[in-house]
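Undergrad: Starting off with a structure, shown below.
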Amino acid sequence: MESESYKRIEIISECDTNGFIFDWTELSSLGIIIGAFSANELVGLIVFERHPDKQYLFNEVFNVEVLESYQNKGLGARLLALVMIDSENNNFDGYVQLKSKTTSVQKFYLHLGAVRNGGQRMLFETEASVNVIAKYLPQGGYVHGL
């Protein structure tokens, strides 16, 4: 993707979310939103929350979405890698948890190295996060405003 960049989105209603399936206005109340941009077009979104107050420290992803025309190009994995980097930066050792909505998406997460953590819950432990970051963001990743 040419001119790919990432930015923390504070007010989702100021972004053009046409073409996205989910109602990101509702999802914005769940936590931190990172947008992926190609040139100036918003092409992917991820929303997560940091959990520093629990017994196990981790970032929890609530939703990831990539515009259909940008799917199968590694963008979803790069968005996850950014959340994994944030987990490392906050001394959570790269731990990232999420709930998979469908079996096909579960296969994607398992392919990236997640392990099942009960039912539809998936967990990326330290080694898996290190591997995802190395493969999809080998130069690291920077999110403007995060």
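Ordering of the structure tokens sets the chain letters (A, B, ...), residue numbers begin anew at 1 in every chain, and ligands are numbered from 1 in the order given.
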If we count only C-alpha atoms, what is near Asn63 (chain A) at a cut-off of 8 Å, once residues fewer than 4 positions away on the same chain are taken out, given as a ChimeraX atom specification?

TA: /A:27,45-48

Undergrad: Any chance you could export the current selection's N, CA and C atoms as a compact mmCIF listing (two decimals), in the first residue's frame?

TA:
# COMPACT_ATOMS: atom_id res chain seq x y z
N LEU A 27 -18.60 1.81 18.31
CA LEU A 27 -17.38 1.13 18.77
C LEU A 27 -16.38 2.08 19.40
N LEU A 45 -9.38 0.03 10.42
CA LEU A 45 -9.59 0.51 11.79
C LEU A 45 -9.43 -0.65 12.77
N ILE A 46 -8.93 -0.32 13.95
CA ILE A 46 -8.87 -1.28 15.04
C ILE A 46 -9.19 -0.52 16.32
N VAL A 47 -9.93 -1.14 17.21
CA VAL A 47 -10.25 -0.52 18.50
C VAL A 47 -9.83 -1.50 19.60
N PHE A 48 -9.13 -0.96 20.60
CA PHE A 48 -8.64 -1.80 21.70
C PHE A 48 -8.61 -1.01 22.99

Undergrad: Could you go through region 4-135 of chain A and tell me which residues DSSP, when run on the backbone, assigns to helix (DSSP H, G or I), listing them as a ChimeraX atom specification?

TA: /A:12-14,24-30,68-70,75-89,103-112,126-135

Undergrad: With only C-alpha atoms as the counted atoms, please give the residues lying no more than 12 Å from Val115 (chain A), apart from itself and same-chain residues fewer than 2 positions off, as a list in words.

TA: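 Using only C-alpha atoms, the neighbours found are Tyr95, Val96, Gln97, Leu98, Lys99, Ser100, Gln106, Lys107, Phe108, Tyr109, Leu110, His111, Leu112, Gly113, Asn117, Gly118, Gly119, Gln120, Arg121, Met122, Leu123, Phe124, Glu125, Thr126, Glu127, Ala128 and Ser129 of chain A.
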
Undergrad: Step one, run DSSP on the backbone; step two, keep only residues of region 7-145 of chain A assigned to strand (DSSP E or B); then write them as a PyMOL selection string.

TA: chain A and resi 7-9+32-38+41-51+58-66+96-99+115-116+121-124+144

Undergrad: From the set A:Gln139, A:Ser69, A:Asn90, A:Asn40, which residue has the shortest atom-to-atom contact distance to Glu4 (chain A), counting only C-alpha atoms?

TA: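 Closest to Glu4 (chain A) of all the choices is A:Asn40.
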
Undergrad: Region 35-37 of chain A: which residues within 9 Å, counting only C-alpha atoms, same-chain residues fewer than 6 positions away excluded, as a ChimeraX atom specification?

TA: /A:3-9,43-47,66,75,79,143

Undergrad: Would you mind listing what lies within 12 Å of Phe92 (chain A) as a PDB file with N, CA, C and O atoms, in the first residue's frame, with only C-alpha atoms counted and same-chain residues fewer than 3 positions away left out?

TA:
ATOM      1  N   ARG A  50      -6.475  -0.970  26.899  1.00  0.00           N
ATOM      2  CA  ARG A  50      -5.394  -1.469  27.753  1.00  0.00           C
ATOM      3  C   ARG A  50      -6.002  -1.934  29.070  1.00  0.00           C
ATOM      4  O   ARG A  50      -6.875  -1.265  29.614  1.00  0.00           O
ATOM      5  N   HIS A  51      -5.497  -3.048  29.583  1.00  0.00           N
ATOM      6  CA  HIS A  51      -5.969  -3.573  30.863  1.00  0.00           C
ATOM      7  C   HIS A  51      -4.794  -3.681  31.839  1.00  0.00           C
ATOM      8  O   HIS A  51      -4.296  -4.770  32.106  1.00  0.00           O
ATOM      9  N   PRO A  52      -4.360  -2.554  32.406  1.00  0.00           N
ATOM     10  CA  PRO A  52      -3.228  -2.593  33.335  1.00  0.00           C
ATOM     11  C   PRO A  52      -3.625  -2.957  34.762  1.00  0.00           C
ATOM     12  O   PRO A  52      -2.760  -3.173  35.592  1.00  0.00           O
ATOM     13  N   ASP A  53      -4.910  -3.044  35.037  1.00  0.00           N
ATOM     14  CA  ASP A  53      -5.377  -3.222  36.402  1.00  0.00           C
ATOM     15  C   ASP A  53      -5.789  -4.652  36.725  1.00  0.00           C
ATOM     16  O   ASP A  53      -6.276  -4.931  37.801  1.00  0.00           O
ATOM     17  N   LYS A  54      -5.583  -5.561  35.811  1.00  0.00           N
ATOM     18  CA  LYS A  54      -6.003  -6.940  36.034  1.00  0.00           C
ATOM     19  C   LYS A  54      -4.792  -7.785  36.400  1.00  0.00           C
ATOM     20  O   LYS A  54      -3.649  -7.376  36.253  1.00  0.00           O
ATOM     21  N   GLN A  55      -5.062  -9.004  36.854  1.00  0.00           N
ATOM     22  CA  GLN A  55      -3.988  -9.914  37.234  1.00  0.00           C
ATOM     23  C   GLN A  55      -3.058 -10.178  36.053  1.00  0.00           C
ATOM     24  O   GLN A  55      -1.844 -10.216  36.192  1.00  0.00           O
ATOM     25  N   TYR A  56      -3.658 -10.336  34.874  1.00  0.00           N
ATOM     26  CA  TYR A  56      -2.866 -10.540  33.669  1.00  0.00           C
ATOM     27  C   TYR A  56      -2.959  -9.277  32.830  1.00  0.00           C
ATOM     28  O   TYR A  56      -4.046  -8.850  32.468  1.00  0.00           O
ATOM     29  N   LEU A  57      -1.834  -8.690  32.536  1.00  0.00           N
ATOM     30  CA  LEU A  57      -1.802  -7.434  31.788  1.00  0.00           C
ATOM     31  C   LEU A  57      -1.865  -7.734  30.301  1.00  0.00           C
ATOM     32  O   LEU A  57      -1.101  -8.548  29.794  1.00  0.00           O
ATOM     33  N   PHE A  58      -2.776  -7.048  29.588  1.00  0.00           N
ATOM     34  CA  PHE A  58      -2.906  -7.282  28.158  1.00  0.00           C
ATOM     35  C   PHE A  58      -3.695  -6.160  27.523  1.00  0.00           C
ATOM     36  O   PHE A  58      -4.355  -5.387  28.197  1.00  0.00           O
ATOM     37  N   ASN A  59      -3.592  -6.090  26.209  1.00  0.00           N
ATOM     38  CA  ASN A  59      -4.454  -5.227  25.417  1.00  0.00           C
ATOM     39  C   ASN A  59      -5.581  -6.098  24.894  1.00  0.00           C
ATOM     40  O   ASN A  59      -5.336  -7.226  24.459  1.00  0.00           O
ATOM     41  N   GLU A  60      -6.790  -5.582  24.925  1.00  0.00           N
ATOM     42  CA  GLU A  60      -7.939  -6.325  24.421  1.00  0.00           C
ATOM     43  C   GLU A  60      -8.482  -5.632  23.179  1.00  0.00           C
ATOM     44  O   GLU A  60      -8.849  -4.470  23.222  1.00  0.00           O
ATOM     45  N   VAL A  83      -1.060  -2.905  17.866  1.00  0.00           N
ATOM     46  CA  VAL A  83      -1.605  -3.126  19.215  1.00  0.00           C
ATOM     47  C   VAL A  83      -0.622  -3.966  20.039  1.00  0.00           C
ATOM     48  O   VAL A  83      -0.462  -3.760  21.238  1.00  0.00           O
ATOM     49  N   MET A  84       0.061  -4.893  19.379  1.00  0.00           N
ATOM     50  CA  MET A  84       1.075  -5.707  20.060  1.00  0.00           C
ATOM     51  C   MET A  84       2.260  -4.847  20.488  1.00  0.00           C
ATOM     52  O   MET A  84       2.793  -5.011  21.590  1.00  0.00           O
ATOM     53  N   ILE A  85       2.676  -3.924  19.629  1.00  0.00           N
ATOM     54  CA  ILE A  85       3.759  -2.991  19.985  1.00  0.00           C
ATOM     55  C   ILE A  85       3.324  -2.143  21.183  1.00  0.00           C
ATOM     56  O   ILE A  85       4.097  -1.930  22.121  1.00  0.00           O
ATOM     57  N   ASP A  86       2.080  -1.675  21.169  1.00  0.00           N
ATOM     58  CA  ASP A  86       1.558  -0.898  22.296  1.00  0.00           C
ATOM     59  C   ASP A  86       1.587  -1.742  23.572  1.00  0.00           C
ATOM     60  O   ASP A  86       1.923  -1.244  24.643  1.00  0.00           O
ATOM     61  N   SER A  87       1.252  -3.020  23.455  1.00  0.00           N
ATOM     62  CA  SER A  87       1.293  -3.920  24.606  1.00  0.00           C
ATOM     63  C   SER A  87       2.714  -4.027  25.159  1.00  0.00           C
ATOM     64  O   SER A  87       2.925  -3.978  26.376  1.00  0.00           O
ATOM     65  N   GLU A  88       3.684  -4.150  24.273  1.00  0.00           N
ATOM     66  CA  GLU A  88       5.088  -4.184  24.712  1.00  0.00           C
ATOM     67  C   GLU A  88       5.484  -2.863  25.372  1.00  0.00           C
ATOM     68  O   GLU A  88       6.125  -2.852  26.420  1.00  0.00           O
ATOM     69  N   ASN A  89       5.092  -1.761  24.761  1.00  0.00           N
ATOM     70  CA  ASN A  89       5.456  -0.438  25.289  1.00  0.00           C
ATOM     71  C   ASN A  89       4.851  -0.160  26.664  1.00  0.00           C
ATOM     72  O   ASN A  89       5.349   0.690  27.399  1.00  0.00           O
ATOM     73  N   TYR A  95       1.150  -9.219  25.179  1.00  0.00           N
ATOM     74  CA  TYR A  95      -0.112  -9.969  25.301  1.00  0.00           C
ATOM     75  C   TYR A  95      -1.272  -9.169  24.717  1.00  0.00           C
ATOM     76  O   TYR A  95      -1.494  -8.018  25.078  1.00  0.00           O
ATOM     77  N   VAL A  96      -1.992  -9.824  23.822  1.00  0.00           N
ATOM     78  CA  VAL A  96      -3.169  -9.227  23.187  1.00  0.00           C
ATOM     79  C   VAL A  96      -4.250 -10.288  23.150  1.00  0.00           C
ATOM     80  O   VAL A  96      -4.015 -11.418  22.731  1.00  0.00           O
ATOM     81  N   GLN A  97      -5.442  -9.919  23.585  1.00  0.00           N
ATOM     82  CA  GLN A  97      -6.577 -10.842  23.601  1.00  0.00           C
ATOM     83  C   GLN A  97      -7.702 -10.264  22.760  1.00  0.00           C
ATOM     84  O   GLN A  97      -7.860  -9.050  22.667  1.00  0.00           O
ATOM     85  N   PHE A 124      -2.826 -13.787  21.979  1.00  0.00           N
ATOM     86  CA  PHE A 124      -1.481 -13.711  21.427  1.00  0.00           C
ATOM     87  C   PHE A 124      -0.544 -13.534  22.613  1.00  0.00           C
ATOM     88  O   PHE A 124      -0.634 -12.538  23.331  1.00  0.00           O
ATOM     89  N   GLU A 125       0.305 -14.514  22.821  1.00  0.00           N
ATOM     90  CA  GLU A 125       1.291 -14.425  23.886  1.00  0.00           C
ATOM     91  C   GLU A 125       2.545 -13.749  23.347  1.00  0.00           C
ATOM     92  O   GLU A 125       2.628 -13.416  22.165  1.00  0.00           O
ATOM     93  N   THR A 126       3.530 -13.563  24.196  1.00  0.00           N
ATOM     94  CA  THR A 126       4.730 -12.799  23.843  1.00  0.00           C
ATOM     95  C   THR A 126       5.371 -13.268  22.540  1.00  0.00           C
ATOM     96  O   THR A 126       5.611 -12.461  21.640  1.00  0.00           O
ATOM     97  N   SER A 129       3.336 -12.472  19.425  1.00  0.00           N
ATOM     98  CA  SER A 129       3.361 -11.036  19.124  1.00  0.00           C
ATOM     99  C   SER A 129       4.698 -10.625  18.513  1.00  0.00           C
ATOM    100  O   SER A 129       4.732  -9.869  17.539  1.00  0.00           O
TER     101      SER A 129
END

Undergrad: Suppose you want the space between CA of Phe62 (chain A) and CA of Glu49 (chain A); what is it in Å?

TA: 7.9 Å

Undergrad: One number please: CA of Val130 (chain A) to CA of Gly31 (chain A), in Å, one decimal.

TA: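 So the two atoms, CA of Val130 (chain A) and CA of Gly31 (chain A), lie 23.2 Å apart.
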
Undergrad: To one decimal place in Å, what is the distance between CA of Leu67 (chain A) and CA of Ser13 (chain A)?

TA: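 Straight-line distance from CA of Leu67 (chain A) to CA of Ser13 (chain A) works out to 17.2 Å.
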
Undergrad: Any idea what's packed within 9 Å of Gly140 (chain A), counting only C-alpha atoms, ignoring anything in its chain fewer than 3 positions away? Could you give it as a count of residues only?

TA: 7
